[in-house]
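Structure file upload11.pdb (PDB, C-alpha atoms) follows.
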```pdb
ATOM      1  CA  ARG A   1     159.336  88.429 134.395  1.00  0.00           C
ATOM      2  CA  GLU A   2     162.299  89.494 132.335  1.00  0.00           C
ATOM      3  CA  LYS A   3     161.401  91.394 129.199  1.00  0.00           C
ATOM      4  CA  ARG A   4     163.572  89.220 126.959  1.00  0.00           C
ATOM      5  CA  TRP A   5     161.289  86.224 127.568  1.00  0.00           C
ATOM      6  CA  ARG A   6     158.130  88.065 126.507  1.00  0.00           C
ATOM      7  CA  PHE A   7     157.040  86.932 123.069  1.00  0.00           C
ATOM      8  CA  PRO A   8     155.241  89.266 120.670  1.00  0.00           C
ATOM      9  CA  GLU A   9     151.468  88.870 120.689  1.00  0.00           C
ATOM     10  CA  LYS A  10     151.261  88.333 116.937  1.00  0.00           C
ATOM     11  CA  ARG A  11     154.226  86.038 116.510  1.00  0.00           C
ATOM     12  CA  PRO A  12     153.969  83.709 113.459  1.00  0.00           C
ATOM     13  CA  LYS A  13     152.791  80.174 114.099  1.00  0.00           C
ATOM     14  CA  ARG A  14     155.156  77.298 113.289  1.00  0.00           C
ATOM     15  CA  ASN A  15     154.415  73.721 112.413  1.00  0.00           C
ATOM     16  CA  ILE A  16     156.146  71.548 115.037  1.00  0.00           C
ATOM     17  CA  ILE A  17     157.087  67.883 114.571  1.00  0.00           C
ATOM     18  CA  LEU A  18     158.277  65.906 117.603  1.00  0.00           C
ATOM     19  CA  GLN A  19     159.932  62.526 117.157  1.00  0.00           C
ATOM     20  CA  ASP A  20     160.765  60.975 120.527  1.00  0.00           C
ATOM     21  CA  VAL A  21     162.535  57.659 121.126  1.00  0.00           C
ATOM     22  CA  SER A  22     159.241  55.749 120.731  1.00  0.00           C
ATOM     23  CA  ARG A  23     159.732  56.130 116.961  1.00  0.00           C
ATOM     24  CA  THR A  24     162.235  53.246 117.172  1.00  0.00           C
ATOM     25  CA  LEU A  25     159.626  50.780 118.455  1.00  0.00           C
ATOM     26  CA  PRO A  26     158.991  47.839 116.107  1.00  0.00           C
ATOM     27  CA  LEU A  27     155.719  48.352 114.252  1.00  0.00           C
ATOM     28  CA  GLU A  28     154.097  45.293 115.828  1.00  0.00           C
ATOM     29  CA  ALA A  29     154.853  46.760 119.281  1.00  0.00           C
ATOM     30  CA  THR A  30     153.037  50.003 118.446  1.00  0.00           C
ATOM     31  CA  VAL A  31     149.452  50.296 119.681  1.00  0.00           C
ATOM     32  CA  GLY A  32     146.953  48.975 117.148  1.00  0.00           C
ATOM     33  CA  TYR A  33     149.420  47.523 114.649  1.00  0.00           C
ATOM     34  CA  ALA A  34     149.781  44.018 116.059  1.00  0.00           C
ATOM     35  CA  LYS A  35     146.191  43.246 115.083  1.00  0.00           C
ATOM     36  CA  ILE A  36     146.901  44.240 111.478  1.00  0.00           C
ATOM     37  CA  ALA A  37     149.892  41.888 111.359  1.00  0.00           C
ATOM     38  CA  ASN A  38     147.899  39.003 112.811  1.00  0.00           C
ATOM     39  CA  ARG A  39     144.975  39.246 110.412  1.00  0.00           C
ATOM     40  CA  ASN A  40     144.651  38.500 106.738  1.00  0.00           C
ATOM     41  CA  ALA A  41     144.287  42.179 105.821  1.00  0.00           C
ATOM     42  CA  LYS A  42     144.508  43.415 102.240  1.00  0.00           C
ATOM     43  CA  GLU A  43     145.612  46.802 100.942  1.00  0.00           C
ATOM     44  CA  ASP A  44     142.757  49.274 100.651  1.00  0.00           C
ATOM     45  CA  SER A  45     144.614  52.453  99.623  1.00  0.00           C
ATOM     46  CA  SER A  46     148.148  53.835  99.579  1.00  0.00           C
ATOM     47  CA  ASP A  47     150.170  57.052  99.468  1.00  0.00           C
ATOM     48  CA  LYS A  48     153.388  56.859  97.493  1.00  0.00           C
ATOM     49  CA  LEU A  49     156.596  58.442  98.766  1.00  0.00           C
ATOM     50  CA  ASP A  50     157.932  60.755  96.064  1.00  0.00           C
ATOM     51  CA  MET A  51     160.965  59.602  94.137  1.00  0.00           C
ATOM     52  CA  GLU A  52     163.278  62.296  95.486  1.00  0.00           C
ATOM     53  CA  LEU A  53     162.731  61.098  99.055  1.00  0.00           C
ATOM     54  CA  THR A  54     162.879  57.465  97.927  1.00  0.00           C
ATOM     55  CA  THR A  55     166.286  58.198  96.379  1.00  0.00           C
ATOM     56  CA  PHE A  56     167.450  59.735  99.664  1.00  0.00           C
ATOM     57  CA  TYR A  57     166.128  56.658 101.475  1.00  0.00           C
ATOM     58  CA  SER A  58     168.223  54.429  99.210  1.00  0.00           C
ATOM     59  CA  SER A  59     171.301  56.563  99.861  1.00  0.00           C
ATOM     60  CA  ILE A  60     170.829  56.628 103.637  1.00  0.00           C
ATOM     61  CA  MET A  61     170.289  52.878 103.936  1.00  0.00           C
ATOM     62  CA  GLY A  62     172.845  51.894 101.274  1.00  0.00           C
ATOM     63  CA  LYS A  63     170.191  49.820  99.543  1.00  0.00           C
ATOM     64  CA  LYS A  64     168.326  50.450  96.273  1.00  0.00           C
ATOM     65  CA  TYR A  65     164.593  50.966  96.723  1.00  0.00           C
ATOM     66  CA  ASP A  66     162.528  51.112  93.534  1.00  0.00           C
ATOM     67  CA  SER A  67     159.559  52.586  95.389  1.00  0.00           C
ATOM     68  CA  ALA A  68     158.094  53.151  98.835  1.00  0.00           C
ATOM     69  CA  LYS A  69     154.522  53.723  99.882  1.00  0.00           C
ATOM     70  CA  PHE A  70     152.287  53.810 102.948  1.00  0.00           C
ATOM     71  CA  SER A  71     149.236  51.584 102.775  1.00  0.00           C
ATOM     72  CA  THR A  72     146.033  51.313 104.756  1.00  0.00           C
ATOM     73  CA  SER A  73     144.351  47.919 105.055  1.00  0.00           C
ATOM     74  CA  THR A  74     140.812  46.648 104.774  1.00  0.00           C
ATOM     75  CA  TYR A  75     141.022  45.909 108.480  1.00  0.00           C
ATOM     76  CA  ASP A  76     142.111  49.379 109.685  1.00  0.00           C
ATOM     77  CA  ALA A  77     141.650  52.460 107.502  1.00  0.00           C
ATOM     78  CA  LEU A  78     143.402  54.808 109.953  1.00  0.00           C
ATOM     79  CA  ARG A  79     146.780  53.154 110.457  1.00  0.00           C
ATOM     80  CA  GLN A  80     149.275  53.168 107.604  1.00  0.00           C
ATOM     81  CA  VAL A  81     152.016  50.582 107.068  1.00  0.00           C
ATOM     82  CA  GLY A  82     155.099  51.301 104.990  1.00  0.00           C
ATOM     83  CA  VAL A  83     155.766  48.990 102.046  1.00  0.00           C
ATOM     84  CA  VAL A  84     158.971  49.066  99.981  1.00  0.00           C
ATOM     85  CA  ASP A  85     159.887  47.493  96.659  1.00  0.00           C
ATOM     86  CA  THR A  86     163.489  46.457  96.025  1.00  0.00           C
ATOM     87  CA  SER A  87     164.581  44.354  93.041  1.00  0.00           C
ATOM     88  CA  GLY A  88     161.023  43.168  92.482  1.00  0.00           C
ATOM     89  CA  ILE A  89     160.536  42.068  96.095  1.00  0.00           C
ATOM     90  CA  GLN A  90     157.956  43.837  98.251  1.00  0.00           C
ATOM     91  CA  TYR A  91     157.943  43.784 102.038  1.00  0.00           C
ATOM     92  CA  SER A  92     156.379  45.887 104.758  1.00  0.00           C
ATOM     93  CA  GLN A  93     157.649  47.575 107.907  1.00  0.00           C
ATOM     94  CA  PHE A  94     156.635  44.459 109.817  1.00  0.00           C
ATOM     95  CA  HIS A  95     159.649  42.785 108.171  1.00  0.00           C
ATOM     96  CA  GLN A  96     162.145  45.661 108.328  1.00  0.00           C
ATOM     97  CA  GLY A  97     165.022  46.200 110.710  1.00  0.00           C
ATOM     98  CA  ALA A  98     164.595  48.902 113.357  1.00  0.00           C
ATOM     99  CA  GLY A  99     166.772  51.500 111.583  1.00  0.00           C
ATOM    100  CA  GLU A 100     165.208  50.884 108.177  1.00  0.00           C
ATOM    101  CA  ASP A 101     161.736  51.118 109.715  1.00  0.00           C
ATOM    102  CA  ALA A 102     162.387  54.310 111.714  1.00  0.00           C
ATOM    103  CA  THR A 103     164.053  56.066 108.764  1.00  0.00           C
ATOM    104  CA  LEU A 104     161.125  55.314 106.470  1.00  0.00           C
ATOM    105  CA  ASP A 105     158.714  56.811 109.013  1.00  0.00           C
ATOM    106  CA  LEU A 106     160.949  59.870 109.319  1.00  0.00           C
ATOM    107  CA  LEU A 107     160.901  60.423 105.554  1.00  0.00           C
ATOM    108  CA  LYS A 108     157.130  60.079 105.570  1.00  0.00           C
ATOM    109  CA  LEU A 109     156.926  63.021 107.981  1.00  0.00           C
ATOM    110  CA  PHE A 110     159.044  65.118 105.634  1.00  0.00           C
ATOM    111  CA  HIS A 111     156.959  64.266 102.559  1.00  0.00           C
ATOM    112  CA  ASN A 112     154.867  67.452 102.701  1.00  0.00           C
ATOM    113  CA  ILE A 113     156.485  69.318 105.575  1.00  0.00           C
ATOM    114  CA  PRO A 114     155.592  73.046 105.566  1.00  0.00           C
ATOM    115  CA  ASP A 115     158.404  75.561 105.160  1.00  0.00           C
ATOM    116  CA  THR A 116     159.836  77.083 108.374  1.00  0.00           C
ATOM    117  CA  SER A 117     158.717  74.085 110.460  1.00  0.00           C
ATOM    118  CA  LEU A 118     160.472  73.120 113.695  1.00  0.00           C
ATOM    119  CA  VAL A 119     161.551  69.458 113.907  1.00  0.00           C
ATOM    120  CA  LEU A 120     162.770  67.811 117.125  1.00  0.00           C
ATOM    121  CA  ILE A 121     164.311  64.318 116.921  1.00  0.00           C
ATOM    122  CA  ASP A 122     165.470  62.320 119.941  1.00  0.00           C
ATOM    123  CA  GLU A 123     168.362  59.847 119.524  1.00  0.00           C
ATOM    124  CA  VAL A 124     168.555  60.413 115.776  1.00  0.00           C
ATOM    125  CA  GLU A 125     171.202  57.683 115.348  1.00  0.00           C
ATOM    126  CA  ALA A 126     169.111  54.891 116.899  1.00  0.00           C
ATOM    127  CA  SER A 127     169.673  51.502 115.201  1.00  0.00           C
ATOM    128  CA  LEU A 128     171.581  53.000 112.270  1.00  0.00           C
ATOM    129  CA  HIS A 129     174.950  51.907 110.854  1.00  0.00           C
ATOM    130  CA  PRO A 130     177.639  54.676 111.065  1.00  0.00           C
ATOM    131  CA  ARG A 131     177.476  55.224 107.289  1.00  0.00           C
ATOM    132  CA  SER A 132     173.701  55.574 107.467  1.00  0.00           C
ATOM    133  CA  GLN A 133     174.026  58.026 110.359  1.00  0.00           C
ATOM    134  CA  ARG A 134     176.288  60.265 108.283  1.00  0.00           C
ATOM    135  CA  ARG A 135     174.044  60.111 105.235  1.00  0.00           C
ATOM    136  CA  LEU A 136     170.950  60.863 107.295  1.00  0.00           C
ATOM    137  CA  ILE A 137     172.589  64.062 108.552  1.00  0.00           C
ATOM    138  CA  HIS A 138     173.499  65.031 104.969  1.00  0.00           C
ATOM    139  CA  PHE A 139     169.826  64.627 104.083  1.00  0.00           C
ATOM    140  CA  LEU A 140     168.649  66.663 107.090  1.00  0.00           C
ATOM    141  CA  LEU A 141     171.089  69.473 106.247  1.00  0.00           C
ATOM    142  CA  TRP A 142     169.785  69.505 102.672  1.00  0.00           C
ATOM    143  CA  LEU A 143     166.193  69.567 103.930  1.00  0.00           C
ATOM    144  CA  ALA A 144     166.914  72.418 106.349  1.00  0.00           C
ATOM    145  CA  ARG A 145     168.350  74.498 103.502  1.00  0.00           C
ATOM    146  CA  THR A 146     165.670  73.768 100.902  1.00  0.00           C
ATOM    147  CA  LYS A 147     162.635  74.056 103.211  1.00  0.00           C
ATOM    148  CA  SER A 148     164.006  76.715 105.606  1.00  0.00           C
ATOM    149  CA  ILE A 149     163.192  74.470 108.562  1.00  0.00           C
ATOM    150  CA  GLN A 150     164.942  74.263 111.921  1.00  0.00           C
ATOM    151  CA  ILE A 151     166.007  70.838 113.187  1.00  0.00           C
ATOM    152  CA  ILE A 152     167.014  70.140 116.773  1.00  0.00           C
ATOM    153  CA  LEU A 153     168.297  66.643 117.506  1.00  0.00           C
ATOM    154  CA  THR A 154     169.923  64.746 120.342  1.00  0.00           C
ATOM    155  CA  THR A 155     172.663  62.179 119.863  1.00  0.00           C
ATOM    156  CA  HIS A 156     175.436  60.259 121.611  1.00  0.00           C
ATOM    157  CA  SER A 157     177.091  59.391 118.293  1.00  0.00           C
ATOM    158  CA  PRO A 158     180.440  60.857 117.158  1.00  0.00           C
ATOM    159  CA  TYR A 159     179.457  60.035 113.557  1.00  0.00           C
ATOM    160  CA  ILE A 160     176.454  62.358 113.807  1.00  0.00           C
ATOM    161  CA  LEU A 161     178.436  65.099 115.529  1.00  0.00           C
ATOM    162  CA  GLU A 162     181.233  65.052 112.956  1.00  0.00           C
ATOM    163  CA  GLU A 163     178.802  65.753 110.097  1.00  0.00           C
ATOM    164  CA  LEU A 164     177.345  68.846 111.762  1.00  0.00           C
ATOM    165  CA  PRO A 165     178.911  72.284 111.267  1.00  0.00           C
ATOM    166  CA  MET A 166     180.713  73.530 114.376  1.00  0.00           C
ATOM    167  CA  GLU A 167     178.110  76.225 115.051  1.00  0.00           C
ATOM    168  CA  ALA A 168     175.403  73.543 115.215  1.00  0.00           C
ATOM    169  CA  ARG A 169     177.100  71.492 117.953  1.00  0.00           C
ATOM    170  CA  ILE A 170     175.973  71.991 121.534  1.00  0.00           C
ATOM    171  CA  PHE A 171     177.165  69.764 124.390  1.00  0.00           C
ATOM    172  CA  ILE A 172     174.994  69.688 127.521  1.00  0.00           C
ATOM    173  CA  GLU A 173     176.456  68.161 130.661  1.00  0.00           C
ATOM    174  CA  ARG A 174     174.672  67.731 133.978  1.00  0.00           C
ATOM    175  CA  THR A 175     176.738  68.784 136.975  1.00  0.00           C
ATOM    176  CA  SER A 176     175.943  68.546 140.680  1.00  0.00           C
ATOM    177  CA  ASN A 177     174.386  71.996 140.723  1.00  0.00           C
ATOM    178  CA  ASN A 178     173.410  72.862 137.194  1.00  0.00           C
ATOM    179  CA  LEU A 179     173.704  72.127 133.481  1.00  0.00           C
ATOM    180  CA  ASP A 180     176.910  73.129 131.695  1.00  0.00           C
ATOM    181  CA  VAL A 181     176.506  74.080 128.043  1.00  0.00           C
ATOM    182  CA  SER A 182     179.446  74.112 125.602  1.00  0.00           C
ATOM    183  CA  TYR A 183     179.188  75.338 122.021  1.00  0.00           C
ATOM    184  CA  GLY A 184     181.144  74.333 118.918  1.00  0.00           C
ATOM    185  CA  VAL A 185     182.627  71.207 120.470  1.00  0.00           C
ATOM    186  CA  THR A 186     184.608  68.528 118.660  1.00  0.00           C
ATOM    187  CA  SER A 187     183.481  64.906 118.720  1.00  0.00           C
ATOM    188  CA  ASN A 188     186.532  63.964 120.836  1.00  0.00           C
ATOM    189  CA  PHE A 189     185.685  66.647 123.394  1.00  0.00           C
ATOM    190  CA  ALA A 190     182.148  65.284 123.688  1.00  0.00           C
ATOM    191  CA  LEU A 191     183.319  61.665 123.909  1.00  0.00           C
ATOM    192  CA  ASN A 192     185.878  62.518 126.591  1.00  0.00           C
ATOM    193  CA  ARG A 193     183.047  63.914 128.695  1.00  0.00           C
ATOM    194  CA  MET A 194     180.744  60.942 128.053  1.00  0.00           C
ATOM    195  CA  ASP A 195     183.218  58.043 128.167  1.00  0.00           C
ATOM    196  CA  ASP A 196     185.776  56.548 130.554  1.00  0.00           C
ATOM    197  CA  ILE A 197     188.384  56.210 127.808  1.00  0.00           C
ATOM    198  CA  ASP A 198     190.468  59.271 126.894  1.00  0.00           C
ATOM    199  CA  LYS A 199     190.333  60.418 123.289  1.00  0.00           C
ATOM    200  CA  PRO A 200     193.072  63.060 123.143  1.00  0.00           C
ATOM    201  CA  GLU A 201     192.951  66.057 120.846  1.00  0.00           C
ATOM    202  CA  VAL A 202     195.866  67.939 119.377  1.00  0.00           C
ATOM    203  CA  PHE A 203     195.548  71.391 117.813  1.00  0.00           C
ATOM    204  CA  LEU A 204     198.423  72.493 115.601  1.00  0.00           C
ATOM    205  CA  PHE A 205     198.739  76.195 114.750  1.00  0.00           C
ATOM    206  CA  VAL A 206     200.941  77.302 111.862  1.00  0.00           C
ATOM    207  CA  GLU A 207     201.752  80.673 110.350  1.00  0.00           C
ATOM    208  CA  ASP A 208     200.613  80.153 106.757  1.00  0.00           C
ATOM    209  CA  GLU A 209     198.834  77.692 104.433  1.00  0.00           C
ATOM    210  CA  GLU A 210     202.087  76.242 103.086  1.00  0.00           C
ATOM    211  CA  ALA A 211     203.288  75.386 106.588  1.00  0.00           C
TER
END
```
Go ahead and render the structure in this file as structure tokens.
Amino acid sequence: REKRWRFPEKRPKRNIILQDVSRTLPLEATVGYAKIANRNAKEDSSDKLDMELTTFYSSIMGKKYDSAKFSTSTYDALRQVGVVDTSGIQYSQFHQGAGEDATLDLLKLFHNIPDTSLVLIDEVEASLHPRSQRRLIHFLLWLARTKSIQIILTTHSPYILEELPMEARIFIERTSNNLDVSYGVTSNFALNRMDDIDKPEVFLFVEDEEA
């Protein structure tokens, strides 16, 4: 084995959070939750999402949430259901859209995330409006800075790519023999490789700022 792949014996342990595409499943389609929806269950206990994250949730979704919490029911004490309050109206994740539902679950994971954690998110843009995609990335960048965490995400969205700094953009393309990896790509470069429609780029170089 090559020496560069040998990890130190006493390397620090990292908390790892994996969010695959199953996170976009409707709550009633998730194992164990359909029974809660079909029974006359009452709230037994709840954990409230802190106001800072609730404010981010409002910004991402473009909708004012007065509060958000995760409740367990008298029927099932192990499975939590998100409940939001907006303008005096309460409703649960059973009645949310897919993007609203998935984003609330994502914020729940970040509620008490340890510093230096590693977070992996598949298809981060799933079911989100372009504006919400951009705002979600702004939140993730803020979280990465404040908690010193590393976030690796996959996307096919130009809106997501455009909000990332150039050094954070990696394009992976499968070829007949291998995988080609390009760093610091523009959104048009990525779309040209993924789409049948050309999205031309023009780079203009000038001699000074005034020009």
Selection result for the PyMOL selection byres ((chain A and resi 193-205) around 12) on this file, as a list of chain:residue names: A:Thr155, A:His156, A:Ser157, A:Pro158, A:Phe171, A:Ile172, A:Glu173, A:Arg174, A:Thr175, A:Asp180, A:Ser182, A:Val185, A:Thr186, A:Ser187, A:Asn188, A:Phe189, A:Ala190, A:Leu191, A:Asn192, A:Val206, A:Glu207, A:Asp208, A:Glu209, A:Ala211
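Summary of the local environment: counting only C-alpha atoms, residues at most 7 Å from region 71-77 of chain A, other than itself and those fewer than 4 positions away along its chain, are Ile36, Ala41, Lys42, Glu43, Asp44, Ser45, Ser46, Asp47, Val81 and Gly82 of chain A.
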Ground truth for the PyMOL selection byres ((chain A and resi 27) around 10), written as a ChimeraX atom specification: /A:23-26,28-34,37,81-82,92-96,98,101-102
Same residues, C-alpha atoms, output as a short mmCIF file (atom, residue, chain, number, x, y, z; two decimals), keeping the file's coordinate frame:
```
data_model
loop_
_atom_site.label_atom_id
_atom_site.label_comp_id
_atom_site.auth_asym_id
_atom_site.auth_seq_id
_atom_site.Cartn_x
_atom_site.Cartn_y
_atom_site.Cartn_z
CA ARG A 23 159.73 56.13 116.96
CA THR A 24 162.24 53.25 117.17
CA LEU A 25 159.63 50.78 118.46
CA PRO A 26 158.99 47.84 116.11
CA GLU A 28 154.10 45.29 115.83
CA ALA A 29 154.85 46.76 119.28
CA THR A 30 153.04 50.00 118.45
CA VAL A 31 149.45 50.30 119.68
CA GLY A 32 146.95 48.98 117.15
CA TYR A 33 149.42 47.52 114.65
CA ALA A 34 149.78 44.02 116.06
CA ALA A 37 149.89 41.89 111.36
CA VAL A 81 152.02 50.58 107.07
CA GLY A 82 155.10 51.30 104.99
CA SER A 92 156.38 45.89 104.76
CA GLN A 93 157.65 47.58 107.91
CA PHE A 94 156.64 44.46 109.82
CA HIS A 95 159.65 42.78 108.17
CA GLN A 96 162.15 45.66 108.33
CA ALA A 98 164.60 48.90 113.36
CA ASP A 101 161.74 51.12 109.72
CA ALA A 102 162.39 54.31 111.71
#
```
Find the residues of region 79-116 of chain A that sit at most 12 Å from region 130-144 of chain A; for each, write down the nearest two atoms and how far apart they are in Å, to one decimal. Count all atoms listed in the file. Sort by chain, then by number going up, and give it as a tab-separated table.
```
residue	atom	partner	partner_atom	distance
A:Gly99	CA	A:Ser132	CA	9.0
A:Glu100	CA	A:Ser132	CA	9.7
A:Ala102	CA	A:Leu136	CA	11.7
A:Thr103	CA	A:Leu136	CA	8.5
A:Leu104	CA	A:Leu136	CA	11.3
A:Leu106	CA	A:Leu136	CA	10.3
A:Leu107	CA	A:Phe139	CA	10.0
A:Phe110	CA	A:Leu143	CA	8.6
A:His111	CA	A:Leu143	CA	10.7
A:Asn112	CA	A:Leu143	CA	11.6
A:Ile113	CA	A:Leu143	CA	9.8
A:Pro114	CA	A:Leu143	CA	11.3
A:Asp115	CA	A:Ala144	CA	9.1
A:Thr116	CA	A:Ala144	CA	8.7
```
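Between Leu18 (chain A) and the residues A:Leu153, A:Ile160, A:Met51, A:Ile60, the shortest atom-to-atom distance, using all atoms listed in the file, involves A:Leu153.
Interatomic distance, CA of Leu109 (chain A) against CA of Lys147 (chain A): 13.3 Å.
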Between CA of Thr54 (chain A) and CA of Glu162 (chain A) - distance in Å to one decimal: 24.9 Å
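Pairwise distance (CA of Ile149 (chain A), CA of Glu9 (chain A)) equals 22.2 Å.
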Block slice region 99-108 of chain A, all heavy atoms, emitted as a PDB file, in the first residue's frame:
```pdb
ATOM      1  N   GLY A  99     -40.021  19.833   0.056  1.00  0.00           N
ATOM      2  CA  GLY A  99     -38.877  20.685   0.368  1.00  0.00           C
ATOM      3  C   GLY A  99     -38.935  21.247   1.762  1.00  0.00           C
ATOM      4  O   GLY A  99     -37.921  21.307   2.476  1.00  0.00           O
ATOM      5  N   GLU A 100     -40.112  21.685   2.182  1.00  0.00           N
ATOM      6  CA  GLU A 100     -40.310  22.231   3.527  1.00  0.00           C
ATOM      7  C   GLU A 100     -40.025  21.155   4.574  1.00  0.00           C
ATOM      8  O   GLU A 100     -39.366  21.407   5.588  1.00  0.00           O
ATOM      9  CB  GLU A 100     -41.748  22.737   3.648  1.00  0.00           C
ATOM     10  CG  GLU A 100     -42.066  23.454   4.941  1.00  0.00           C
ATOM     11  CD  GLU A 100     -43.520  23.883   5.018  1.00  0.00           C
ATOM     12  OE1 GLU A 100     -44.359  23.305   4.282  1.00  0.00           O
ATOM     13  OE2 GLU A 100     -43.828  24.776   5.817  1.00  0.00           O
ATOM     14  N   ASP A 101     -40.502  19.953   4.311  1.00  0.00           N
ATOM     15  CA  ASP A 101     -40.321  18.818   5.207  1.00  0.00           C
ATOM     16  C   ASP A 101     -38.843  18.442   5.331  1.00  0.00           C
ATOM     17  O   ASP A 101     -38.295  18.326   6.431  1.00  0.00           O
ATOM     18  CB  ASP A 101     -41.141  17.640   4.662  1.00  0.00           C
ATOM     19  CG  ASP A 101     -40.918  16.337   5.400  1.00  0.00           C
ATOM     20  OD1 ASP A 101     -40.423  16.370   6.533  1.00  0.00           O
ATOM     21  OD2 ASP A 101     -41.245  15.276   4.844  1.00  0.00           O
ATOM     22  N   ALA A 102     -38.167  18.271   4.187  1.00  0.00           N
ATOM     23  CA  ALA A 102     -36.765  17.849   4.193  1.00  0.00           C
ATOM     24  C   ALA A 102     -35.859  18.896   4.836  1.00  0.00           C
ATOM     25  O   ALA A 102     -34.898  18.554   5.548  1.00  0.00           O
ATOM     26  CB  ALA A 102     -36.298  17.562   2.764  1.00  0.00           C
ATOM     27  N   THR A 103     -36.152  20.177   4.613  1.00  0.00           N
ATOM     28  CA  THR A 103     -35.333  21.241   5.196  1.00  0.00           C
ATOM     29  C   THR A 103     -35.488  21.289   6.706  1.00  0.00           C
ATOM     30  O   THR A 103     -34.510  21.501   7.438  1.00  0.00           O
ATOM     31  CB  THR A 103     -35.707  22.596   4.575  1.00  0.00           C
ATOM     32  OG1 THR A 103     -35.553  22.534   3.156  1.00  0.00           O
ATOM     33  CG2 THR A 103     -34.817  23.710   5.117  1.00  0.00           C
ATOM     34  N   LEU A 104     -36.687  21.074   7.203  1.00  0.00           N
ATOM     35  CA  LEU A 104     -36.902  21.051   8.647  1.00  0.00           C
ATOM     36  C   LEU A 104     -36.122  19.913   9.289  1.00  0.00           C
ATOM     37  O   LEU A 104     -35.487  20.090  10.336  1.00  0.00           O
ATOM     38  CB  LEU A 104     -38.398  20.910   8.956  1.00  0.00           C
ATOM     39  CG  LEU A 104     -38.793  20.938  10.442  1.00  0.00           C
ATOM     40  CD1 LEU A 104     -38.323  22.219  11.120  1.00  0.00           C
ATOM     41  CD2 LEU A 104     -40.306  20.780  10.599  1.00  0.00           C
ATOM     42  N   ASP A 105     -36.123  18.747   8.670  1.00  0.00           N
ATOM     43  CA  ASP A 105     -35.350  17.613   9.192  1.00  0.00           C
ATOM     44  C   ASP A 105     -33.854  17.917   9.174  1.00  0.00           C
ATOM     45  O   ASP A 105     -33.115  17.534  10.087  1.00  0.00           O
ATOM     46  CB  ASP A 105     -35.627  16.356   8.369  1.00  0.00           C
ATOM     47  CG  ASP A 105     -36.903  15.646   8.800  1.00  0.00           C
ATOM     48  OD1 ASP A 105     -37.355  15.871   9.942  1.00  0.00           O
ATOM     49  OD2 ASP A 105     -37.447  14.868   8.003  1.00  0.00           O
ATOM     50  N   LEU A 106     -33.403  18.612   8.134  1.00  0.00           N
ATOM     51  CA  LEU A 106     -31.990  18.954   8.026  1.00  0.00           C
ATOM     52  C   LEU A 106     -31.580  19.893   9.163  1.00  0.00           C
ATOM     53  O   LEU A 106     -30.523  19.720   9.790  1.00  0.00           O
ATOM     54  CB  LEU A 106     -31.732  19.614   6.673  1.00  0.00           C
ATOM     55  CG  LEU A 106     -30.296  19.645   6.156  1.00  0.00           C
ATOM     56  CD1 LEU A 106     -29.730  18.237   6.011  1.00  0.00           C
ATOM     57  CD2 LEU A 106     -30.239  20.373   4.825  1.00  0.00           C
ATOM     58  N   LEU A 107     -32.420  20.870   9.459  1.00  0.00           N
ATOM     59  CA  LEU A 107     -32.125  21.804  10.546  1.00  0.00           C
ATOM     60  C   LEU A 107     -32.133  21.107  11.905  1.00  0.00           C
ATOM     61  O   LEU A 107     -31.365  21.466  12.801  1.00  0.00           O
ATOM     62  CB  LEU A 107     -33.132  22.955  10.529  1.00  0.00           C
ATOM     63  CG  LEU A 107     -32.998  23.907   9.341  1.00  0.00           C
ATOM     64  CD1 LEU A 107     -34.130  24.915   9.327  1.00  0.00           C
ATOM     65  CD2 LEU A 107     -31.665  24.633   9.380  1.00  0.00           C
ATOM     66  N   LYS A 108     -32.988  20.109  12.029  1.00  0.00           N
ATOM     67  CA  LYS A 108     -33.012  19.329  13.271  1.00  0.00           C
ATOM     68  C   LYS A 108     -31.659  18.665  13.509  1.00  0.00           C
ATOM     69  O   LYS A 108     -31.148  18.639  14.633  1.00  0.00           O
ATOM     70  CB  LYS A 108     -34.113  18.278  13.199  1.00  0.00           C
ATOM     71  CG  LYS A 108     -34.146  17.332  14.393  1.00  0.00           C
ATOM     72  CD  LYS A 108     -35.107  16.192  14.157  1.00  0.00           C
ATOM     73  CE  LYS A 108     -35.069  15.166  15.279  1.00  0.00           C
ATOM     74  NZ  LYS A 108     -35.918  13.986  14.982  1.00  0.00           N
TER      75      LYS A 108
END
```
